[in-house]
Amino acid sequence: MTAERARGGLWAVVPAAGHGARFGGDVPKQYLDVAGAPLLAHTLRALLAHPAVEGAVVVLAADDAHWPGWHECAGKPLLTCVGGATRADSVLAGLAALPESVRADDFVLVHDAARPNLALADLERLLERGRNDPVGAILATPVRDTLKRAGDDGGIDATPSRERLWRALTPQLFRRLQLTRALEAAQRDGVAVTDESMAMERQGHRPLLVEGSADNLKVTTPSDLAYFAYLRSA
């Protein structure tokens, strides 16, 4: 029995209820074709490739007419539920829809539907470090570009230091109940969290940063989609 199996498997929540307004077009970006499969299929295959990941809950929009009706991927179960107007709403719905076998103190992964280029080695590293931490961890990459702060007129106001700055990626790994409470607290306070770590940080937690590949891209624009297609064909 492997160490991962001995510790038990884990489930993932994949929020896919967004319509991709920044991307444009009639078809949500997660359903656009790349190499003969929807972008979402590539994301799920990458996530479920790890032997410790037992299944996933895909969170859909109420009016989603594009969901293919999948019940499994990579030989593992897929469940679905309806999300809400915000990312936090959708992740909370996904957490509530997890199987009863996922206990309150079990770790759960949350992964963007539009991040199809997750490396198996990165996921392994996240699980190895995050599951040995009382809070959890996120994949991230250090900021290497020079940053500029823009003024209202479009001019540059400042060049802030990039020292100790990281770009947050997904998956992010937290315990089911802790994450649920953190997201609910943000909702009560009227705070729109942009990722799960932000919700946890607001509760005084300090998740670990686990360095991941810079090409774990989030498809936001048509050029991102073209880049992923290139990576697939390379």
# chains A, B, ... in the order shown; residues from 1 in each chain; ligands from 1
$ residues_around --residues "Phe174 in chain A" --least-positions-apart "2" --cutoff "7 Å" --atoms "only C-alpha atoms" --output "count of residues only"
9
$ residues_around --residues "Pro68 in chain A" --least-positions-apart "5" --cutoff "12 Å" --atoms "only C-alpha atoms" --output "PyMOL selection string"
chain A and resi 30-31+37-38+40-41+58+60+73+78+80
$ residues_around --residues "Arg129 in chain A" --least-positions-apart "4" --cutoff "12 Å" --atoms "only C-alpha atoms" --output "count of residues only"
19
$ closest_residue --among "A:Trp67, A:Asp89, A:Gly83, A:Pro99" --to "Leu10 in chain A" --atoms "only C-alpha atoms"
A:Pro99
$ select_by_dssp --residues "range 89-211 of chain A" --states "alpha helix (DSSP H)" --output "mmCIF file with C-alpha atoms, in the first residue's frame"
data_model
loop_
_atom_site.group_PDB
_atom_site.id
_atom_site.type_symbol
_atom_site.label_atom_id
_atom_site.label_comp_id
_atom_site.auth_asym_id
_atom_site.auth_seq_id
_atom_site.Cartn_x
_atom_site.Cartn_y
_atom_site.Cartn_z
ATOM 1 C CA ASP A 89 -20.779 30.725 -3.522
ATOM 2 C CA SER A 90 -19.750 28.032 -5.981
ATOM 3 C CA VAL A 91 -16.974 26.585 -3.838
ATOM 4 C CA LEU A 92 -19.312 26.446 -0.833
ATOM 5 C CA ALA A 93 -21.869 24.589 -2.959
ATOM 6 C CA GLY A 94 -19.160 22.154 -4.036
ATOM 7 C CA LEU A 95 -18.008 21.569 -0.471
ATOM 8 C CA ALA A 96 -21.592 20.837 0.575
ATOM 9 C CA LEU A 120 1.484 15.831 -11.766
ATOM 10 C CA ALA A 121 4.780 16.560 -9.994
ATOM 11 C CA ASP A 122 3.399 19.893 -8.754
ATOM 12 C CA LEU A 123 0.278 18.218 -7.396
ATOM 13 C CA GLU A 124 2.404 15.578 -5.689
ATOM 14 C CA ARG A 125 4.510 18.273 -4.028
ATOM 15 C CA LEU A 126 1.410 20.186 -2.899
ATOM 16 C CA LEU A 127 -0.072 17.069 -1.306
ATOM 17 C CA GLU A 128 3.179 16.040 0.334
ATOM 18 C CA ARG A 129 3.693 19.400 2.020
ATOM 19 C CA GLY A 130 0.098 20.530 2.481
ATOM 20 C CA ARG A 176 -13.284 20.825 4.476
ATOM 21 C CA LEU A 177 -14.787 22.383 7.602
ATOM 22 C CA GLN A 178 -12.119 25.066 8.054
ATOM 23 C CA LEU A 179 -12.533 26.215 4.452
ATOM 24 C CA THR A 180 -16.328 26.151 4.694
ATOM 25 C CA ARG A 181 -16.278 28.345 7.796
ATOM 26 C CA ALA A 182 -13.747 30.736 6.273
ATOM 27 C CA LEU A 183 -15.812 31.221 3.107
ATOM 28 C CA GLU A 184 -19.014 31.662 5.115
ATOM 29 C CA ALA A 185 -17.307 34.295 7.282
ATOM 30 C CA ALA A 186 -16.202 36.229 4.191
ATOM 31 C CA GLN A 187 -19.765 36.146 2.875
ATOM 32 C CA ARG A 188 -21.157 37.453 6.160
ATOM 33 C CA GLU A 196 -9.698 30.168 -1.040
ATOM 34 C CA SER A 197 -6.429 31.141 0.622
ATOM 35 C CA MET A 198 -7.668 34.711 1.030
ATOM 36 C CA ALA A 199 -10.667 33.422 2.991
ATOM 37 C CA MET A 200 -8.387 31.338 5.218
ATOM 38 C CA GLU A 201 -5.985 34.244 5.746
ATOM 39 C CA ARG A 202 -8.865 36.422 6.953
#
$ select_by_dssp --residues "range 7-228 of chain A" --states "strand (DSSP E or B)" --output "PyMOL selection string"
chain A and resi 10-16+33-34+37-38+53-60+72-73+76-82+107-110+136-142+149-150+156-158+166-175+208-211
$ closest_atom_pairs --of "range 51-148 of chain A" --to "range 156-169 of chain A" --cutoff "8 Å" --atoms "only C-alpha atoms" --output "JSON lines"
{"residue": "A:Ile138", "atom": "CA", "partner": "A:Leu169", "partner_atom": "CA", "distance": 6.9}
{"residue": "A:Leu139", "atom": "CA", "partner": "A:Leu169", "partner_atom": "CA", "distance": 5.2}
{"residue": "A:Ala140", "atom": "CA", "partner": "A:Ala168", "partner_atom": "CA", "distance": 4.5}
{"residue": "A:Thr141", "atom": "CA", "partner": "A:Arg167", "partner_atom": "CA", "distance": 5.2}
{"residue": "A:Pro142", "atom": "CA", "partner": "A:Trp166", "partner_atom": "CA", "distance": 4.2}
{"residue": "A:Val143", "atom": "CA", "partner": "A:Trp166", "partner_atom": "CA", "distance": 5.1}
{"residue": "A:Arg144", "atom": "CA", "partner": "A:Arg162", "partner_atom": "CA", "distance": 7.2}
{"residue": "A:Asp145", "atom": "CA", "partner": "A:Arg162", "partner_atom": "CA", "distance": 7.8}
{"residue": "A:Thr146", "atom": "CA", "partner": "A:Arg162", "partner_atom": "CA", "distance": 6.8}
{"residue": "A:Leu147", "atom": "CA", "partner": "A:Thr159", "partner_atom": "CA", "distance": 5.8}
{"residue": "A:Lys148", "atom": "CA", "partner": "A:Thr159", "partner_atom": "CA", "distance": 4.6}
$ residues_around --residues "Trp11 in chain A" --least-positions-apart "4" --cutoff "6 Å" --atoms "only C-alpha atoms" --output "VMD selection string"
chain A and resid 53 to 56 108
$ residues_around --residues "range 214-220 of chain A" --least-positions-apart "3" --cutoff "10 Å" --atoms "only C-alpha atoms" --output "mmCIF file with all heavy atoms, in the first residue's frame"
data_model
loop_
_atom_site.group_PDB
_atom_site.id
_atom_site.type_symbol
_atom_site.label_atom_id
_atom_site.label_comp_id
_atom_site.auth_asym_id
_atom_site.auth_seq_id
_atom_site.Cartn_x
_atom_site.Cartn_y
_atom_site.Cartn_z
ATOM 1 N N GLY A 20 -17.142 33.252 -18.288
ATOM 2 C CA GLY A 20 -15.973 33.721 -19.022
ATOM 3 C C GLY A 20 -16.205 35.019 -19.766
ATOM 4 O O GLY A 20 -15.901 35.126 -20.950
ATOM 5 N N ALA A 21 -16.730 36.022 -19.061
ATOM 6 C CA ALA A 21 -17.055 37.296 -19.713
ATOM 7 C C ALA A 21 -15.825 37.942 -20.333
ATOM 8 O O ALA A 21 -15.912 38.542 -21.418
ATOM 9 C CB ALA A 21 -17.687 38.242 -18.693
ATOM 10 N N ARG A 22 -14.672 37.829 -19.684
ATOM 11 C CA ARG A 22 -13.455 38.436 -20.222
ATOM 12 C C ARG A 22 -12.984 37.729 -21.482
ATOM 13 O O ARG A 22 -12.327 38.332 -22.337
ATOM 14 C CB ARG A 22 -12.341 38.424 -19.164
ATOM 15 C CG ARG A 22 -12.512 39.482 -18.086
ATOM 16 C CD ARG A 22 -11.399 39.394 -17.059
ATOM 17 N NE ARG A 22 -11.498 38.177 -16.256
ATOM 18 C CZ ARG A 22 -10.638 37.817 -15.330
ATOM 19 N NH1 ARG A 22 -9.569 38.570 -15.093
ATOM 20 N NH2 ARG A 22 -10.802 36.715 -14.626
ATOM 21 N N PHE A 23 -13.303 36.445 -21.613
ATOM 22 C CA PHE A 23 -12.882 35.684 -22.784
ATOM 23 C C PHE A 23 -13.730 36.048 -23.995
ATOM 24 O O PHE A 23 -13.243 36.190 -25.103
ATOM 25 C CB PHE A 23 -12.985 34.179 -22.490
ATOM 26 C CG PHE A 23 -12.307 33.331 -23.525
ATOM 27 C CD1 PHE A 23 -11.018 32.869 -23.305
ATOM 28 C CD2 PHE A 23 -12.941 32.988 -24.714
ATOM 29 C CE1 PHE A 23 -10.375 32.085 -24.253
ATOM 30 C CE2 PHE A 23 -12.307 32.206 -25.664
ATOM 31 C CZ PHE A 23 -11.021 31.752 -25.438
ATOM 32 N N GLY A 24 -15.055 36.207 -23.772
ATOM 33 C CA GLY A 24 -15.960 36.520 -24.872
ATOM 34 C C GLY A 24 -16.439 35.266 -25.588
ATOM 35 O O GLY A 24 -15.955 34.155 -25.354
ATOM 36 N N LYS A 29 -15.646 29.386 -21.811
ATOM 37 C CA LYS A 29 -14.290 28.959 -22.190
ATOM 38 C C LYS A 29 -13.968 27.537 -21.756
ATOM 39 O O LYS A 29 -13.204 26.838 -22.433
ATOM 40 C CB LYS A 29 -13.263 29.931 -21.611
ATOM 41 C CG LYS A 29 -13.257 29.990 -20.090
ATOM 42 C CD LYS A 29 -12.333 31.074 -19.571
ATOM 43 C CE LYS A 29 -12.385 31.164 -18.054
ATOM 44 N NZ LYS A 29 -11.552 32.268 -17.524
ATOM 45 N N GLN A 30 -14.561 27.084 -20.649
ATOM 46 C CA GLN A 30 -14.245 25.738 -20.163
ATOM 47 C C GLN A 30 -14.739 24.642 -21.097
ATOM 48 O O GLN A 30 -14.334 23.491 -20.968
ATOM 49 C CB GLN A 30 -14.804 25.511 -18.751
ATOM 50 C CG GLN A 30 -16.297 25.638 -18.595
ATOM 51 C CD GLN A 30 -16.708 27.034 -18.159
ATOM 52 O OE1 GLN A 30 -16.054 28.015 -18.509
ATOM 53 N NE2 GLN A 30 -17.771 27.130 -17.373
ATOM 54 N N LEU A 39 -11.833 22.099 -22.862
ATOM 55 C CA LEU A 39 -10.813 22.543 -21.922
ATOM 56 C C LEU A 39 -11.022 21.919 -20.545
ATOM 57 O O LEU A 39 -10.072 21.489 -19.883
ATOM 58 C CB LEU A 39 -10.854 24.069 -21.821
ATOM 59 C CG LEU A 39 -9.742 24.733 -21.016
ATOM 60 C CD1 LEU A 39 -8.405 24.615 -21.743
ATOM 61 C CD2 LEU A 39 -10.084 26.207 -20.759
ATOM 62 N N ASP A 112 -9.186 25.506 -10.304
ATOM 63 C CA ASP A 112 -9.888 26.263 -11.335
ATOM 64 C C ASP A 112 -10.218 25.380 -12.536
ATOM 65 O O ASP A 112 -9.354 24.640 -13.027
ATOM 66 C CB ASP A 112 -9.026 27.432 -11.825
ATOM 67 C CG ASP A 112 -8.793 28.487 -10.763
ATOM 68 O OD1 ASP A 112 -9.684 28.673 -9.913
ATOM 69 O OD2 ASP A 112 -7.728 29.130 -10.788
ATOM 70 N N ALA A 113 -11.422 25.520 -13.046
ATOM 71 C CA ALA A 113 -11.833 24.763 -14.230
ATOM 72 C C ALA A 113 -11.007 25.127 -15.451
ATOM 73 O O ALA A 113 -10.846 24.316 -16.368
ATOM 74 C CB ALA A 113 -13.316 25.004 -14.522
ATOM 75 N N ALA A 114 -10.474 26.347 -15.480
ATOM 76 C CA ALA A 114 -9.722 26.826 -16.638
ATOM 77 C C ALA A 114 -8.219 26.763 -16.426
ATOM 78 O O ALA A 114 -7.462 27.519 -17.042
ATOM 79 C CB ALA A 114 -10.148 28.251 -16.988
ATOM 80 N N ARG A 115 -7.759 25.863 -15.550
ATOM 81 C CA ARG A 115 -6.322 25.607 -15.399
ATOM 82 C C ARG A 115 -6.035 24.177 -15.845
ATOM 83 O O ARG A 115 -5.961 23.253 -15.022
ATOM 84 C CB ARG A 115 -5.865 25.817 -13.947
ATOM 85 C CG ARG A 115 -5.730 27.256 -13.536
ATOM 86 C CD ARG A 115 -4.973 27.398 -12.235
ATOM 87 N NE ARG A 115 -5.056 28.743 -11.717
ATOM 88 C CZ ARG A 115 -4.213 29.730 -12.021
ATOM 89 N NH1 ARG A 115 -3.209 29.495 -12.851
ATOM 90 N NH2 ARG A 115 -4.370 30.936 -11.504
ATOM 91 N N PRO A 116 -5.866 23.974 -17.149
ATOM 92 C CA PRO A 116 -5.738 22.607 -17.674
ATOM 93 C C PRO A 116 -4.326 22.053 -17.672
ATOM 94 O O PRO A 116 -4.135 20.877 -17.988
ATOM 95 C CB PRO A 116 -6.224 22.777 -19.123
ATOM 96 C CG PRO A 116 -5.774 24.169 -19.480
ATOM 97 C CD PRO A 116 -5.925 24.977 -18.225
ATOM 98 N N ASN A 117 -3.328 22.880 -17.331
ATOM 99 C CA ASN A 117 -1.937 22.457 -17.511
ATOM 100 C C ASN A 117 -1.253 22.152 -16.176
ATOM 101 O O ASN A 117 -0.073 22.430 -15.999
ATOM 102 C CB ASN A 117 -1.155 23.534 -18.279
ATOM 103 C CG ASN A 117 0.036 22.946 -19.012
ATOM 104 O OD1 ASN A 117 -0.069 21.894 -19.643
ATOM 105 N ND2 ASN A 117 1.172 23.616 -18.954
ATOM 106 N N LEU A 118 -1.993 21.555 -15.260
ATOM 107 C CA LEU A 118 -1.447 21.175 -13.959
ATOM 108 C C LEU A 118 -0.479 20.002 -14.119
ATOM 109 O O LEU A 118 -0.837 18.964 -14.685
ATOM 110 C CB LEU A 118 -2.590 20.779 -13.017
ATOM 111 C CG LEU A 118 -2.215 20.176 -11.676
ATOM 112 C CD1 LEU A 118 -1.446 21.177 -10.819
ATOM 113 C CD2 LEU A 118 -3.460 19.670 -10.954
ATOM 114 N N ALA A 119 0.722 20.169 -13.592
ATOM 115 C CA ALA A 119 1.727 19.105 -13.658
ATOM 116 C C ALA A 119 1.542 18.133 -12.501
ATOM 117 O O ALA A 119 1.323 18.545 -11.357
ATOM 118 C CB ALA A 119 3.128 19.710 -13.616
ATOM 119 N N ASP A 122 3.816 18.775 -9.596
ATOM 120 C CA ASP A 122 3.399 19.893 -8.754
ATOM 121 C C ASP A 122 2.313 19.470 -7.773
ATOM 122 O O ASP A 122 2.334 19.849 -6.600
ATOM 123 C CB ASP A 122 2.883 21.047 -9.617
ATOM 124 C CG ASP A 122 3.999 21.795 -10.326
ATOM 125 O OD1 ASP A 122 5.182 21.454 -10.118
ATOM 126 O OD2 ASP A 122 3.685 22.719 -11.103
ATOM 127 N N LEU A 139 -0.536 26.001 -4.416
ATOM 128 C CA LEU A 139 0.505 26.134 -5.424
ATOM 129 C C LEU A 139 0.643 27.611 -5.772
ATOM 130 O O LEU A 139 -0.354 28.341 -5.863
ATOM 131 C CB LEU A 139 0.150 25.342 -6.681
ATOM 132 C CG LEU A 139 0.383 23.833 -6.656
ATOM 133 C CD1 LEU A 139 0.015 23.235 -8.006
ATOM 134 C CD2 LEU A 139 1.818 23.486 -6.284
ATOM 135 N N ALA A 140 1.862 28.039 -5.969
ATOM 136 C CA ALA A 140 2.127 29.437 -6.299
ATOM 137 C C ALA A 140 3.479 29.515 -6.994
ATOM 138 O O ALA A 140 4.260 28.558 -6.990
ATOM 139 C CB ALA A 140 2.122 30.301 -5.036
ATOM 140 N N THR A 141 3.745 30.659 -7.601
ATOM 141 C CA THR A 141 5.035 30.862 -8.254
ATOM 142 C C THR A 141 5.546 32.254 -7.921
ATOM 143 O O THR A 141 4.763 33.215 -7.877
ATOM 144 C CB THR A 141 4.918 30.665 -9.785
ATOM 145 O OG1 THR A 141 6.207 30.747 -10.386
ATOM 146 C CG2 THR A 141 4.003 31.683 -10.412
ATOM 147 N N PRO A 142 6.843 32.398 -7.642
ATOM 148 C CA PRO A 142 7.376 33.719 -7.291
ATOM 149 C C PRO A 142 7.208 34.712 -8.439
ATOM 150 O O PRO A 142 7.314 34.347 -9.620
ATOM 151 C CB PRO A 142 8.861 33.452 -7.021
ATOM 152 C CG PRO A 142 8.959 31.979 -6.786
ATOM 153 C CD PRO A 142 7.884 31.354 -7.591
ATOM 154 N N VAL A 143 6.941 35.972 -8.104
ATOM 155 C CA VAL A 143 6.860 37.029 -9.111
ATOM 156 C C VAL A 143 8.278 37.337 -9.588
ATOM 157 O O VAL A 143 9.165 37.658 -8.781
ATOM 158 C CB VAL A 143 6.198 38.297 -8.533
ATOM 159 C CG1 VAL A 143 6.320 39.469 -9.506
ATOM 160 C CG2 VAL A 143 4.737 38.017 -8.216
ATOM 161 N N ARG A 167 2.617 34.671 -7.157
ATOM 162 C CA ARG A 167 1.341 34.561 -7.870
ATOM 163 C C ARG A 167 0.625 33.307 -7.386
ATOM 164 O O ARG A 167 1.180 32.206 -7.449
ATOM 165 C CB ARG A 167 1.547 34.467 -9.389
ATOM 166 C CG ARG A 167 2.028 35.745 -10.031
ATOM 167 C CD ARG A 167 1.903 35.687 -11.553
ATOM 168 N NE ARG A 167 2.648 34.581 -12.141
ATOM 169 C CZ ARG A 167 2.097 33.536 -12.764
ATOM 170 N NH1 ARG A 167 0.785 33.397 -12.849
ATOM 171 N NH2 ARG A 167 2.857 32.605 -13.288
ATOM 172 N N LEU A 169 -1.725 30.207 -7.513
ATOM 173 C CA LEU A 169 -2.229 29.270 -8.513
ATOM 174 C C LEU A 169 -3.245 28.358 -7.830
ATOM 175 O O LEU A 169 -3.593 28.540 -6.664
ATOM 176 C CB LEU A 169 -1.078 28.440 -9.096
ATOM 177 C CG LEU A 169 0.171 29.188 -9.594
ATOM 178 C CD1 LEU A 169 1.256 28.193 -9.994
ATOM 179 C CD2 LEU A 169 -0.164 30.096 -10.765
ATOM 180 N N THR A 170 -3.719 27.383 -8.551
ATOM 181 C CA THR A 170 -4.483 26.286 -7.964
ATOM 182 C C THR A 170 -3.900 24.986 -8.517
ATOM 183 O O THR A 170 -3.225 25.012 -9.553
ATOM 184 C CB THR A 170 -5.995 26.364 -8.304
ATOM 185 O OG1 THR A 170 -6.211 26.117 -9.687
ATOM 186 C CG2 THR A 170 -6.578 27.720 -7.914
ATOM 187 N N PRO A 171 -4.124 23.858 -7.808
ATOM 188 C CA PRO A 171 -5.044 23.659 -6.696
ATOM 189 C C PRO A 171 -4.586 24.332 -5.406
ATOM 190 O O PRO A 171 -3.426 24.634 -5.213
ATOM 191 C CB PRO A 171 -5.072 22.129 -6.520
ATOM 192 C CG PRO A 171 -4.507 21.557 -7.765
ATOM 193 C CD PRO A 171 -3.540 22.570 -8.264
ATOM 194 N N GLU A 211 5.909 25.961 -4.340
ATOM 195 C CA GLU A 211 6.220 26.452 -5.677
ATOM 196 C C GLU A 211 5.760 25.470 -6.750
ATOM 197 O O GLU A 211 6.056 24.274 -6.692
ATOM 198 C CB GLU A 211 7.713 26.735 -5.828
ATOM 199 C CG GLU A 211 8.050 27.363 -7.166
ATOM 200 C CD GLU A 211 9.454 27.956 -7.230
ATOM 201 O OE1 GLU A 211 10.161 27.934 -6.200
ATOM 202 O OE2 GLU A 211 9.832 28.433 -8.319
ATOM 203 N N SER A 223 -5.610 34.234 -26.361
ATOM 204 C CA SER A 223 -4.180 33.940 -26.483
ATOM 205 C C SER A 223 -3.742 32.886 -25.464
ATOM 206 O O SER A 223 -2.853 32.078 -25.755
ATOM 207 C CB SER A 223 -3.356 35.224 -26.321
ATOM 208 O OG SER A 223 -3.547 35.793 -25.036
ATOM 209 N N ASP A 224 -4.366 32.868 -24.278
ATOM 210 C CA ASP A 224 -4.080 31.816 -23.293
ATOM 211 C C ASP A 224 -4.479 30.450 -23.843
ATOM 212 O O ASP A 224 -3.762 29.463 -23.670
ATOM 213 C CB ASP A 224 -4.837 32.069 -21.993
ATOM 214 C CG ASP A 224 -4.414 33.329 -21.278
ATOM 215 O OD1 ASP A 224 -3.248 33.730 -21.399
ATOM 216 O OD2 ASP A 224 -5.280 33.920 -20.598
ATOM 217 N N LEU A 225 -5.636 30.416 -24.488
ATOM 218 C CA LEU A 225 -6.105 29.149 -25.059
ATOM 219 C C LEU A 225 -5.154 28.671 -26.149
ATOM 220 O O LEU A 225 -4.831 27.476 -26.228
ATOM 221 C CB LEU A 225 -7.520 29.322 -25.614
ATOM 222 C CG LEU A 225 -8.221 28.028 -26.052
ATOM 223 C CD1 LEU A 225 -8.569 27.178 -24.840
ATOM 224 C CD2 LEU A 225 -9.488 28.337 -26.843
ATOM 225 N N ALA A 226 -4.698 29.601 -26.988
ATOM 226 C CA ALA A 226 -3.753 29.245 -28.047
ATOM 227 C C ALA A 226 -2.442 28.734 -27.460
ATOM 228 O O ALA A 226 -1.834 27.797 -27.980
ATOM 229 C CB ALA A 226 -3.506 30.446 -28.948
ATOM 230 N N TYR A 227 -2.010 29.343 -26.349
ATOM 231 C CA TYR A 227 -0.767 28.912 -25.709
ATOM 232 C C TYR A 227 -0.915 27.499 -25.152
ATOM 233 O O TYR A 227 -0.007 26.668 -25.289
ATOM 234 C CB TYR A 227 -0.393 29.886 -24.604
ATOM 235 C CG TYR A 227 0.892 29.551 -23.885
ATOM 236 C CD1 TYR A 227 2.046 29.205 -24.584
ATOM 237 C CD2 TYR A 227 0.956 29.567 -22.491
ATOM 238 C CE1 TYR A 227 3.224 28.897 -23.927
ATOM 239 C CE2 TYR A 227 2.128 29.262 -21.823
ATOM 240 C CZ TYR A 227 3.259 28.924 -22.548
ATOM 241 O OH TYR A 227 4.426 28.601 -21.890
ATOM 242 N N PHE A 228 -2.067 27.200 -24.538
ATOM 243 C CA PHE A 228 -2.264 25.850 -24.027
ATOM 244 C C PHE A 228 -2.298 24.840 -25.174
ATOM 245 O O PHE A 228 -1.732 23.745 -25.060
ATOM 246 C CB PHE A 228 -3.548 25.754 -23.211
ATOM 247 C CG PHE A 228 -3.889 24.345 -22.797
ATOM 248 C CD1 PHE A 228 -3.017 23.615 -22.008
ATOM 249 C CD2 PHE A 228 -5.059 23.738 -23.235
ATOM 250 C CE1 PHE A 228 -3.305 22.308 -21.644
ATOM 251 C CE2 PHE A 228 -5.348 22.433 -22.872
ATOM 252 C CZ PHE A 228 -4.463 21.716 -22.078
ATOM 253 N N LEU A 231 1.209 24.161 -26.043
ATOM 254 C CA LEU A 231 1.844 23.291 -25.063
ATOM 255 C C LEU A 231 1.427 21.838 -25.264
ATOM 256 O O LEU A 231 2.226 20.916 -25.085
ATOM 257 C CB LEU A 231 1.497 23.748 -23.636
ATOM 258 C CG LEU A 231 2.077 25.089 -23.188
ATOM 259 C CD1 LEU A 231 1.525 25.474 -21.821
ATOM 260 C CD2 LEU A 231 3.597 25.047 -23.142
#
$ atom_distance --atom1 "CA of Asp152 in chain A" --atom2 "CA of Asp195 in chain A"
26.1 Å
